[in-house]
file entry_1.txt (compact mmCIF, C-alpha atoms)
# COMPACT_ATOMS: atom_id res chain seq x y z
CA MET C 54 119.78 110.07 92.91
CA ALA C 55 119.39 109.33 89.20
CA THR C 56 116.03 110.17 87.64
CA SER C 57 114.46 108.78 84.51
CA PRO C 58 114.08 111.21 81.61
CA SER C 59 110.72 112.93 81.21
CA PRO C 60 108.55 111.87 78.26
CA ALA C 61 109.03 113.95 75.16
CA GLY C 62 107.05 117.17 75.30
CA TYR C 63 106.46 116.98 79.07
CA ASP C 64 108.00 119.49 81.46
CA PRO C 65 107.08 119.01 85.15
CA ARG C 66 107.73 122.71 85.73
CA ASP C 67 104.52 123.41 83.83
CA TRP C 68 102.56 122.16 86.85
CA PRO C 69 102.40 123.62 90.35
CA PRO C 70 104.21 121.65 93.08
CA PHE C 71 102.21 119.69 95.65
CA ALA C 72 103.28 118.17 98.93
CA VAL C 73 101.93 114.85 100.20
CA THR C 74 101.54 113.97 103.87
CA VAL C 75 100.26 111.01 105.83
CA ASP C 76 98.07 111.37 108.94
CA LEU C 77 97.22 108.54 111.29
CA VAL C 78 94.01 107.91 113.20
CA VAL C 79 95.24 105.37 115.74
CA LEU C 80 92.41 104.10 117.95
CA THR C 81 92.42 101.80 120.94
CA VAL C 82 90.25 101.15 123.98
CA ARG C 83 91.82 102.28 127.27
CA ASP C 84 90.05 102.23 130.62
CA GLY C 85 86.78 101.49 128.85
CA ALA C 86 86.97 104.54 126.55
CA LEU C 87 87.69 104.79 122.83
CA SER C 88 90.97 106.69 122.73
CA ALA C 89 92.98 108.29 119.95
CA LEU C 90 96.71 108.85 119.73
CA VAL C 91 97.39 112.60 119.59
CA ILE C 92 100.54 114.70 119.70
CA ARG C 93 101.24 118.29 120.69
CA ARG C 94 102.98 120.12 117.88
CA GLY C 95 106.41 121.56 118.54
CA GLU C 96 106.63 123.56 115.30
CA GLU C 97 104.64 126.08 113.35
CA PRO C 98 102.03 126.07 112.02
CA TYR C 99 99.73 125.38 114.99
CA LEU C 100 102.61 125.44 117.47
CA GLY C 101 101.43 123.91 120.75
CA CYS C 102 98.17 122.57 119.31
CA LEU C 103 96.99 118.98 119.43
CA ALA C 104 97.16 117.02 116.20
CA LEU C 105 97.13 113.53 114.79
CA PRO C 106 100.55 111.97 114.25
CA GLY C 107 101.83 112.30 110.71
CA GLY C 108 104.06 114.28 108.41
CA PHE C 109 105.45 114.76 104.93
CA VAL C 110 106.17 111.84 102.62
CA ARG C 111 109.81 111.78 101.58
CA GLU C 112 111.06 111.41 98.04
CA ALA C 113 111.10 107.73 96.93
CA GLU C 114 109.21 106.73 100.11
CA SER C 115 105.99 104.74 99.90
CA LEU C 116 102.89 105.94 101.74
CA ASP C 117 102.89 102.90 104.01
CA ARG C 118 106.55 103.42 104.88
CA ALA C 119 105.97 107.12 105.58
CA ALA C 120 103.10 106.25 107.92
CA ALA C 121 105.27 103.76 109.83
CA ARG C 122 108.17 106.21 110.06
CA GLU C 123 106.05 109.11 111.30
CA LEU C 124 104.37 106.92 113.89
CA ALA C 125 107.74 105.79 115.21
CA GLU C 126 109.35 109.24 115.13
CA GLU C 127 106.50 111.14 116.78
CA THR C 128 105.25 108.57 119.28
CA GLY C 129 107.97 105.96 119.78
CA LEU C 130 105.65 103.17 118.59
CA ALA C 131 108.01 101.33 116.29
CA GLU C 132 105.46 99.13 114.54
CA LEU C 133 102.05 99.84 113.09
CA PRO C 134 99.15 98.35 115.06
CA VAL C 135 97.37 95.13 114.19
CA HIS C 136 94.76 96.50 111.80
CA LEU C 137 95.77 99.22 109.32
CA GLU C 138 93.90 100.56 106.31
CA GLN C 139 93.81 103.71 104.23
CA LEU C 140 90.95 105.90 105.41
CA ALA C 141 90.57 108.72 102.89
CA THR C 142 92.43 111.46 101.03
CA TYR C 143 92.06 115.11 102.04
CA GLY C 144 92.87 117.89 99.63
CA THR C 145 91.05 121.10 100.54
CA VAL C 146 93.05 123.92 99.00
CA ASP C 147 93.64 125.83 102.24
CA ARG C 148 93.94 122.89 104.65
CA ASP C 149 97.61 123.74 105.34
CA PRO C 150 98.78 127.38 105.58
CA ARG C 151 102.27 126.54 104.30
CA MET C 152 101.42 125.33 100.81
CA ARG C 153 99.06 123.05 98.91
CA VAL C 154 99.19 119.75 100.78
CA ILE C 155 97.35 116.51 100.02
CA SER C 156 97.05 114.14 102.96
CA VAL C 157 96.45 110.40 102.83
CA ALA C 158 94.94 109.33 106.15
CA TYR C 159 95.32 105.88 107.69
CA LEU C 160 93.13 104.17 110.26
CA ALA C 161 94.93 101.89 112.71
CA LEU C 162 93.20 99.78 115.37
CA ALA C 163 94.75 97.68 118.10
CA PRO C 164 94.33 96.40 121.65
CA ASP C 165 95.56 98.51 124.56
CA LEU C 166 98.94 99.85 123.44
CA PRO C 167 101.78 101.19 125.60
CA ALA C 168 102.16 104.85 126.47
CA PRO C 169 103.72 106.72 123.53
CA ARG C 170 106.96 108.71 123.69
CA ALA C 171 107.09 112.03 121.89
CA GLY C 172 109.78 112.73 119.30
CA GLY C 173 110.36 114.40 115.95
CA ASP C 174 108.33 117.61 115.73
CA ALA C 175 106.03 116.48 118.57
CA VAL C 176 106.71 117.77 122.08
CA ALA C 177 104.16 115.43 123.68
CA ALA C 178 102.17 112.35 122.72
CA ALA C 179 99.30 110.74 124.60
CA TRP C 180 96.24 108.55 124.36
CA THR C 181 93.22 110.84 124.70
CA PRO C 182 89.56 109.81 124.97
CA VAL C 183 87.82 110.69 121.71
CA ALA C 184 84.87 111.97 123.77
CA ALA C 185 87.20 114.70 125.10
CA LEU C 186 88.33 115.66 121.60
CA LEU C 187 84.99 115.34 119.78
CA PRO C 188 82.20 115.35 122.42
CA ALA C 189 79.46 115.58 119.78
CA LEU C 190 80.26 112.01 118.69
CA PHE C 191 79.38 110.67 122.16
CA PRO C 192 76.18 112.43 123.26
CA SER C 193 75.09 109.63 125.60
CA VAL C 194 78.47 109.16 127.29
CA PRO C 195 79.56 111.20 130.34
CA HIS C 196 82.27 113.35 128.84
CA PRO C 197 85.74 113.47 130.36
CA ALA C 198 87.30 116.89 130.71
CA ALA C 199 87.60 118.55 127.32
CA THR C 200 91.10 119.15 126.00
CA GLY C 201 90.39 122.87 125.70
CA ALA C 202 91.86 123.19 122.21
CA ALA C 203 90.77 122.31 118.71
CA LEU C 204 92.82 119.85 116.69
CA ALA C 205 95.23 121.39 114.18
CA PHE C 206 94.63 121.52 110.45
CA ASP C 207 91.52 119.50 109.47
CA HIS C 208 92.40 116.73 111.92
CA ALA C 209 89.05 116.95 113.73
CA ARG C 210 87.35 115.96 110.48
CA ILE C 211 89.88 113.19 109.83
CA LEU C 212 89.45 111.83 113.36
CA ALA C 213 85.65 111.94 113.04
CA ASP C 214 85.85 110.09 109.73
CA GLY C 215 88.10 107.47 111.32
CA VAL C 216 85.72 106.93 114.22
CA GLU C 217 82.76 106.60 111.86
CA ARG C 218 84.68 104.09 109.72
CA ALA C 219 85.46 102.04 112.83
CA ARG C 220 81.84 102.22 114.00
CA ALA C 221 80.51 101.10 110.63
CA LYS C 222 83.00 98.25 110.30
CA LEU C 223 81.97 96.88 113.69
CA GLU C 224 78.49 96.34 112.26
CA TYR C 225 79.41 94.00 109.43
CA SER C 226 82.95 92.76 110.14
CA PRO C 227 84.73 91.08 113.09
CA LEU C 228 86.91 94.18 113.51
CA ALA C 229 85.95 94.59 117.19
CA ALA C 230 88.27 91.69 117.97
CA ALA C 231 91.19 93.88 116.82
CA PHE C 232 90.73 95.81 120.08
CA CYS C 233 90.82 92.62 122.17
CA PRO C 234 93.63 90.27 123.23
CA VAL C 235 94.02 87.03 121.28
CA GLN C 236 91.74 85.26 123.75
CA PHE C 237 88.86 87.32 125.13
CA THR C 238 85.50 87.03 126.84
CA VAL C 239 82.13 88.06 125.44
CA GLY C 240 82.05 90.76 128.12
CA GLU C 241 85.36 92.20 126.92
CA LEU C 242 84.10 92.17 123.34
CA ARG C 243 80.85 93.87 124.39
CA ARG C 244 82.77 96.65 126.10
CA VAL C 245 84.62 97.29 122.85
CA TYR C 246 81.33 97.76 121.00
CA GLU C 247 80.07 100.02 123.79
CA ALA C 248 83.23 102.14 123.77
CA VAL C 249 83.36 102.55 119.99
CA TRP C 250 79.64 103.10 119.47
CA GLY C 251 79.19 105.19 122.61
CA VAL C 252 76.14 103.25 123.79
CA ALA C 253 75.22 100.70 126.46
CA LEU C 254 74.27 97.24 125.21
CA ASP C 255 72.15 94.59 126.88
CA PRO C 256 74.63 91.87 127.99
CA ARG C 257 72.34 88.88 127.39
CA ASN C 258 71.13 90.07 123.99
CA PHE C 259 74.72 90.81 122.94
CA HIS C 260 75.93 87.38 124.11
CA ARG C 261 73.17 85.68 122.12
CA LYS C 262 73.99 87.62 118.96
CA VAL C 263 77.76 87.17 118.91
CA THR C 264 77.78 83.51 119.93
CA GLY C 265 75.02 82.79 117.41
CA THR C 266 76.84 84.41 114.47
CA PRO C 267 78.46 81.58 112.46
CA GLY C 268 82.26 81.74 112.39
CA PHE C 269 82.57 84.81 114.65
CA LEU C 270 83.70 83.39 117.99
CA ILE C 271 85.41 80.05 118.68
CA PRO C 272 85.54 78.71 122.27
CA VAL C 273 89.09 77.93 123.39
CA GLY C 274 88.03 75.59 126.19
CA ASP C 275 89.23 77.75 129.05
CA THR C 276 87.92 80.46 131.38
CA THR C 277 89.27 83.60 133.05
CA ALA C 278 88.39 85.72 136.06
CA ARG C 279 90.53 88.72 135.03
CA GLN C 280 87.46 90.95 134.82
CA GLY C 281 86.37 90.06 138.34
CA GLY C 282 83.39 87.98 139.38
CA ARG C 283 82.92 84.37 138.42
CA PRO C 284 85.06 82.85 135.64
CA ALA C 285 83.95 83.69 132.09
CA GLN C 286 84.40 81.57 128.98
CA LEU C 287 87.25 82.52 126.67
CA PHE C 288 86.93 82.78 122.90
CA ARG C 289 89.15 83.53 119.93
CA LEU C 290 88.24 85.10 116.63
CA GLY C 291 86.95 82.68 114.01
CA ASP C 292 87.53 82.79 110.27
CA VAL C 293 84.48 84.88 109.40
CA THR C 294 85.11 88.01 107.31
CA LEU C 295 81.54 89.34 107.16
CA LEU C 296 79.01 89.10 109.98
CA ASN C 297 75.72 87.60 108.90
CA PRO C 298 73.45 88.84 110.34
CA PRO C 299 75.26 92.14 110.97
CA MET C 300 75.63 93.69 114.43
CA LEU C 301 73.54 96.80 113.90
CA ARG C 302 74.11 99.89 116.01
CA PRO C 303 71.22 100.90 118.23
CA ALA C 304 69.24 103.76 116.71
call {"tool": "encode", "arguments": {"input": "entry_1.txt", "output": "structure tokens"}}
result
Amino acid sequence: MATSPSPAGYDPRDWPPFAVTVDLVVLTVRDGALSALVIRRGEEPYLGCLALPGGFVREAESLDRAAARELAEETGLAELPVHLEQLATYGTVDRDPRMRVISVAYLALAPDLPAPRAGGDAVAAAWTPVAALLPALFPSVPHPAATGAALAFDHARILADGVERARAKLEYSPLAAAFCPVQFTVGELRRVYEAVWGVALDPRNFHRKVTGTPGFLIPVGDTTARQGGRPAQLFRLGDVTLLNPPMLRPA
């Protein structure tokens, strides 16, 4: 591949080489629990350990494209979920034992996604309750069985940062609807807040808040009984971008 000449007086060999990776915090709500997509590594370092999906950025490959490729290769999910944003950049000197590696992390949120299929350098891929990976984030939730192993690299920190970003965004944005189907009930939306925040919410108070927030929920004129019990009203997401007043997390 042809390369453009370096500016006069500049020699890239004067600077140490760095590698760039992408890591993905992919969150969804499954069986009422906030769950993260994790893989089991099939290569060193951290052979056999759990990790977030991700990998090295190739030459002439954009960060977004690298994230999509790694997600497809390691989990079989060919397309990025509905909501995707850059989370943060991680550059601790010793975060990777192989060499100096800078990682750009992405946060992806979506409704219940299909079971992943491992590939690439991952020998397994699965949705795992975050409470099993990071129990300290869910002190008031009965914890499922712990995974028994720490996440590789600094992925526990990256996952915790992704969960906190999601929790904060639920307060002031309509992001909770990204975990719901296109048409959803207030009860389904409430269970998203409860799963992400790790708290129980009063159903009547929650219903009053979300239906009273201008532009948040739009009735579709239909009902559903898919959650059991009597039929519940269906809504779709409105055109609001900021919730006013915000949906504050319980203290």
call {"tool": "atom_distance", "arguments": {"input": "entry_1.txt", "atom1": "atom CA of C:Glu247", "atom2": "atom CA of C:Ser193"}}
result
11.0 Å
call {"tool": "axis_aligned_box", "arguments": {"input": "entry_1.txt", "around": "stretch 99-115 of chain C", "padding_each_side": "5 Å", "output": "JSON"}}
result
{"center_x": 104.0, "center_y": 115.1, "center_z": 108.8, "size_x": 24.1, "size_y": 30.7, "size_z": 33.8}
call {"tool": "closest_atom_pairs", "arguments": {"input": "entry_1.txt", "of": "stretch 160-260 of chain C", "to": "stretch 77-85 of chain C", "cutoff": "7 Å", "atoms": "only C-alpha atoms", "output": "JSON lines"}}
result
{"residue": "C:Leu160", "atom": "CA", "partner": "C:Val78", "partner_atom": "CA", "distance": 4.8}
{"residue": "C:Ala161", "atom": "CA", "partner": "C:Val79", "partner_atom": "CA", "distance": 4.6}
{"residue": "C:Leu162", "atom": "CA", "partner": "C:Leu80", "partner_atom": "CA", "distance": 5.1}
{"residue": "C:Ala163", "atom": "CA", "partner": "C:Thr81", "partner_atom": "CA", "distance": 5.5}
{"residue": "C:Pro164", "atom": "CA", "partner": "C:Thr81", "partner_atom": "CA", "distance": 5.8}
{"residue": "C:Asp165", "atom": "CA", "partner": "C:Thr81", "partner_atom": "CA", "distance": 5.8}
{"residue": "C:Leu212", "atom": "CA", "partner": "C:Val78", "partner_atom": "CA", "distance": 6.0}
{"residue": "C:Gly215", "atom": "CA", "partner": "C:Val78", "partner_atom": "CA", "distance": 6.2}
{"residue": "C:Phe232", "atom": "CA", "partner": "C:Thr81", "partner_atom": "CA", "distance": 6.3}
{"residue": "C:Arg244", "atom": "CA", "partner": "C:Gly85", "partner_atom": "CA", "distance": 6.9}
{"residue": "C:Val245", "atom": "CA", "partner": "C:Val82", "partner_atom": "CA", "distance": 6.9}
{"residue": "C:Ala248", "atom": "CA", "partner": "C:Gly85", "partner_atom": "CA", "distance": 6.2}
call {"tool": "write_last_selection", "arguments": {"input": "entry_1.txt", "atoms": "C-alpha atoms", "output": "CSV table (one decimal), keeping the file's coordinate frame"}}
result
chain,number,residue,atom,x,y,z
C,160,LEU,CA,93.1,104.2,110.3
C,161,ALA,CA,94.9,101.9,112.7
C,162,LEU,CA,93.2,99.8,115.4
C,163,ALA,CA,94.8,97.7,118.1
C,164,PRO,CA,94.3,96.4,121.6
C,165,ASP,CA,95.6,98.5,124.6
C,212,LEU,CA,89.4,111.8,113.4
C,215,GLY,CA,88.1,107.5,111.3
C,232,PHE,CA,90.7,95.8,120.1
C,244,ARG,CA,82.8,96.6,126.1
C,245,VAL,CA,84.6,97.3,122.8
C,248,ALA,CA,83.2,102.1,123.8
call {"tool": "residues_around", "arguments": {"input": "entry_1.txt", "residues": "stretch 277-281 of chain C", "least_positions_apart": "5", "cutoff": "9 Å", "atoms": "only C-alpha atoms", "output": "PyMOL selection string"}}
result
chain C and resi 237-238+240-241+286-287
call {"tool": "residues_around", "arguments": {"input": "entry_1.txt", "residues": "stretch 125-130 of chain C", "least_positions_apart": "6", "cutoff": "7 Å", "atoms": "all atoms listed in the file", "output": "list in words"}}
result
Pro106, Pro169, Arg170, Ala171, Gly172, Gly173, Asp174, Ala175 and Ala178 of chain C
call {"tool": "build_atoms", "arguments": {"input": "entry_1.txt", "residues": "stretch 282-293 of chain C", "atoms": "all heavy atoms", "output": "mmCIF file, in the coordinates of the input"}}
result
data_model
loop_
_atom_site.group_PDB
_atom_site.id
_atom_site.type_symbol
_atom_site.label_atom_id
_atom_site.label_comp_id
_atom_site.auth_asym_id
_atom_site.auth_seq_id
_atom_site.Cartn_x
_atom_site.Cartn_y
_atom_site.Cartn_z
ATOM 1 N N GLY C 282 84.586 88.817 139.391
ATOM 2 C CA GLY C 282 83.390 87.980 139.380
ATOM 3 C C GLY C 282 83.728 86.536 139.061
ATOM 4 O O GLY C 282 84.878 86.102 139.106
ATOM 5 N N ARG C 283 82.699 85.789 138.690
ATOM 6 C CA ARG C 283 82.920 84.370 138.420
ATOM 7 C C ARG C 283 83.627 84.190 137.082
ATOM 8 O O ARG C 283 83.551 85.055 136.199
ATOM 9 C CB ARG C 283 81.593 83.631 138.408
ATOM 10 C CG ARG C 283 80.618 84.075 137.341
ATOM 11 C CD ARG C 283 79.307 83.315 137.491
ATOM 12 N NE ARG C 283 78.367 83.659 136.429
ATOM 13 C CZ ARG C 283 77.135 83.154 136.355
ATOM 14 N NH1 ARG C 283 76.710 82.295 137.275
ATOM 15 N NH2 ARG C 283 76.335 83.507 135.369
ATOM 16 N N PRO C 284 84.325 83.072 136.886
ATOM 17 C CA PRO C 284 85.060 82.850 135.640
ATOM 18 C C PRO C 284 84.154 82.930 134.410
ATOM 19 O O PRO C 284 83.015 82.469 134.428
ATOM 20 C CB PRO C 284 85.643 81.451 135.815
ATOM 21 C CG PRO C 284 85.734 81.271 137.293
ATOM 22 C CD PRO C 284 84.540 81.995 137.857
ATOM 23 N N ALA C 285 84.684 83.536 133.348
ATOM 24 C CA ALA C 285 83.950 83.690 132.090
ATOM 25 C C ALA C 285 84.646 82.895 130.999
ATOM 26 O O ALA C 285 85.875 82.762 130.986
ATOM 27 C CB ALA C 285 83.857 85.158 131.688
ATOM 28 N N GLN C 286 83.871 82.388 130.072
ATOM 29 C CA GLN C 286 84.400 81.570 128.980
ATOM 30 C C GLN C 286 85.258 82.418 128.055
ATOM 31 O O GLN C 286 84.930 83.571 127.745
ATOM 32 C CB GLN C 286 83.250 80.943 128.205
ATOM 33 C CG GLN C 286 83.680 79.925 127.160
ATOM 34 C CD GLN C 286 82.482 79.257 126.481
ATOM 35 O OE1 GLN C 286 81.348 79.692 126.650
ATOM 36 N NE2 GLN C 286 82.734 78.212 125.723
ATOM 37 N N LEU C 287 86.355 81.841 127.600
ATOM 38 C CA LEU C 287 87.250 82.520 126.670
ATOM 39 C C LEU C 287 86.971 82.074 125.240
ATOM 40 O O LEU C 287 86.664 80.912 124.974
ATOM 41 C CB LEU C 287 88.711 82.222 127.015
ATOM 42 C CG LEU C 287 89.308 82.988 128.201
ATOM 43 C CD1 LEU C 287 90.644 82.382 128.590
ATOM 44 C CD2 LEU C 287 89.460 84.471 127.863
ATOM 45 N N PHE C 288 87.113 83.026 124.319
ATOM 46 C CA PHE C 288 86.930 82.780 122.900
ATOM 47 C C PHE C 288 88.109 83.347 122.128
ATOM 48 O O PHE C 288 88.875 84.170 122.640
ATOM 49 C CB PHE C 288 85.645 83.466 122.391
ATOM 50 C CG PHE C 288 84.370 82.925 122.986
ATOM 51 C CD1 PHE C 288 83.900 83.403 124.205
ATOM 52 C CD2 PHE C 288 83.629 81.957 122.324
ATOM 53 C CE1 PHE C 288 82.721 82.913 124.755
ATOM 54 C CE2 PHE C 288 82.451 81.465 122.867
ATOM 55 C CZ PHE C 288 81.991 81.945 124.086
ATOM 56 N N ARG C 289 88.241 82.910 120.896
ATOM 57 C CA ARG C 289 89.150 83.530 119.930
ATOM 58 C C ARG C 289 88.349 83.872 118.698
ATOM 59 O O ARG C 289 87.228 83.370 118.490
ATOM 60 C CB ARG C 289 90.310 82.596 119.576
ATOM 61 C CG ARG C 289 89.901 81.316 118.874
ATOM 62 C CD ARG C 289 91.112 80.519 118.408
ATOM 63 N NE ARG C 289 90.752 79.247 117.816
ATOM 64 C CZ ARG C 289 90.348 79.089 116.545
ATOM 65 N NH1 ARG C 289 90.259 80.138 115.740
ATOM 66 N NH2 ARG C 289 90.036 77.881 116.098
ATOM 67 N N LEU C 290 88.916 84.719 117.864
ATOM 68 C CA LEU C 290 88.240 85.100 116.630
ATOM 69 C C LEU C 290 88.222 83.942 115.648
ATOM 70 O O LEU C 290 89.237 83.273 115.438
ATOM 71 C CB LEU C 290 88.948 86.306 116.007
ATOM 72 C CG LEU C 290 88.391 86.816 114.684
ATOM 73 C CD1 LEU C 290 86.966 87.331 114.852
ATOM 74 C CD2 LEU C 290 89.285 87.929 114.135
ATOM 75 N N GLY C 291 87.071 83.705 115.037
ATOM 76 C CA GLY C 291 86.950 82.680 114.010
ATOM 77 C C GLY C 291 87.419 83.174 112.662
ATOM 78 O O GLY C 291 88.083 84.211 112.553
ATOM 79 N N ASP C 292 87.047 82.451 111.614
ATOM 80 C CA ASP C 292 87.530 82.790 110.270
ATOM 81 C C ASP C 292 86.529 83.597 109.466
ATOM 82 O O ASP C 292 86.695 83.797 108.262
ATOM 83 C CB ASP C 292 87.875 81.507 109.503
ATOM 84 C CG ASP C 292 86.686 80.555 109.397
ATOM 85 O OD1 ASP C 292 85.581 80.899 109.886
ATOM 86 O OD2 ASP C 292 86.867 79.457 108.825
ATOM 87 N N VAL C 293 85.488 84.111 110.115
ATOM 88 C CA VAL C 293 84.480 84.880 109.400
ATOM 89 C C VAL C 293 85.074 86.228 108.959
ATOM 90 O O VAL C 293 85.899 86.820 109.657
ATOM 91 C CB VAL C 293 83.234 85.098 110.288
ATOM 92 C CG1 VAL C 293 83.563 85.997 111.477
ATOM 93 C CG2 VAL C 293 82.093 85.688 109.487
#
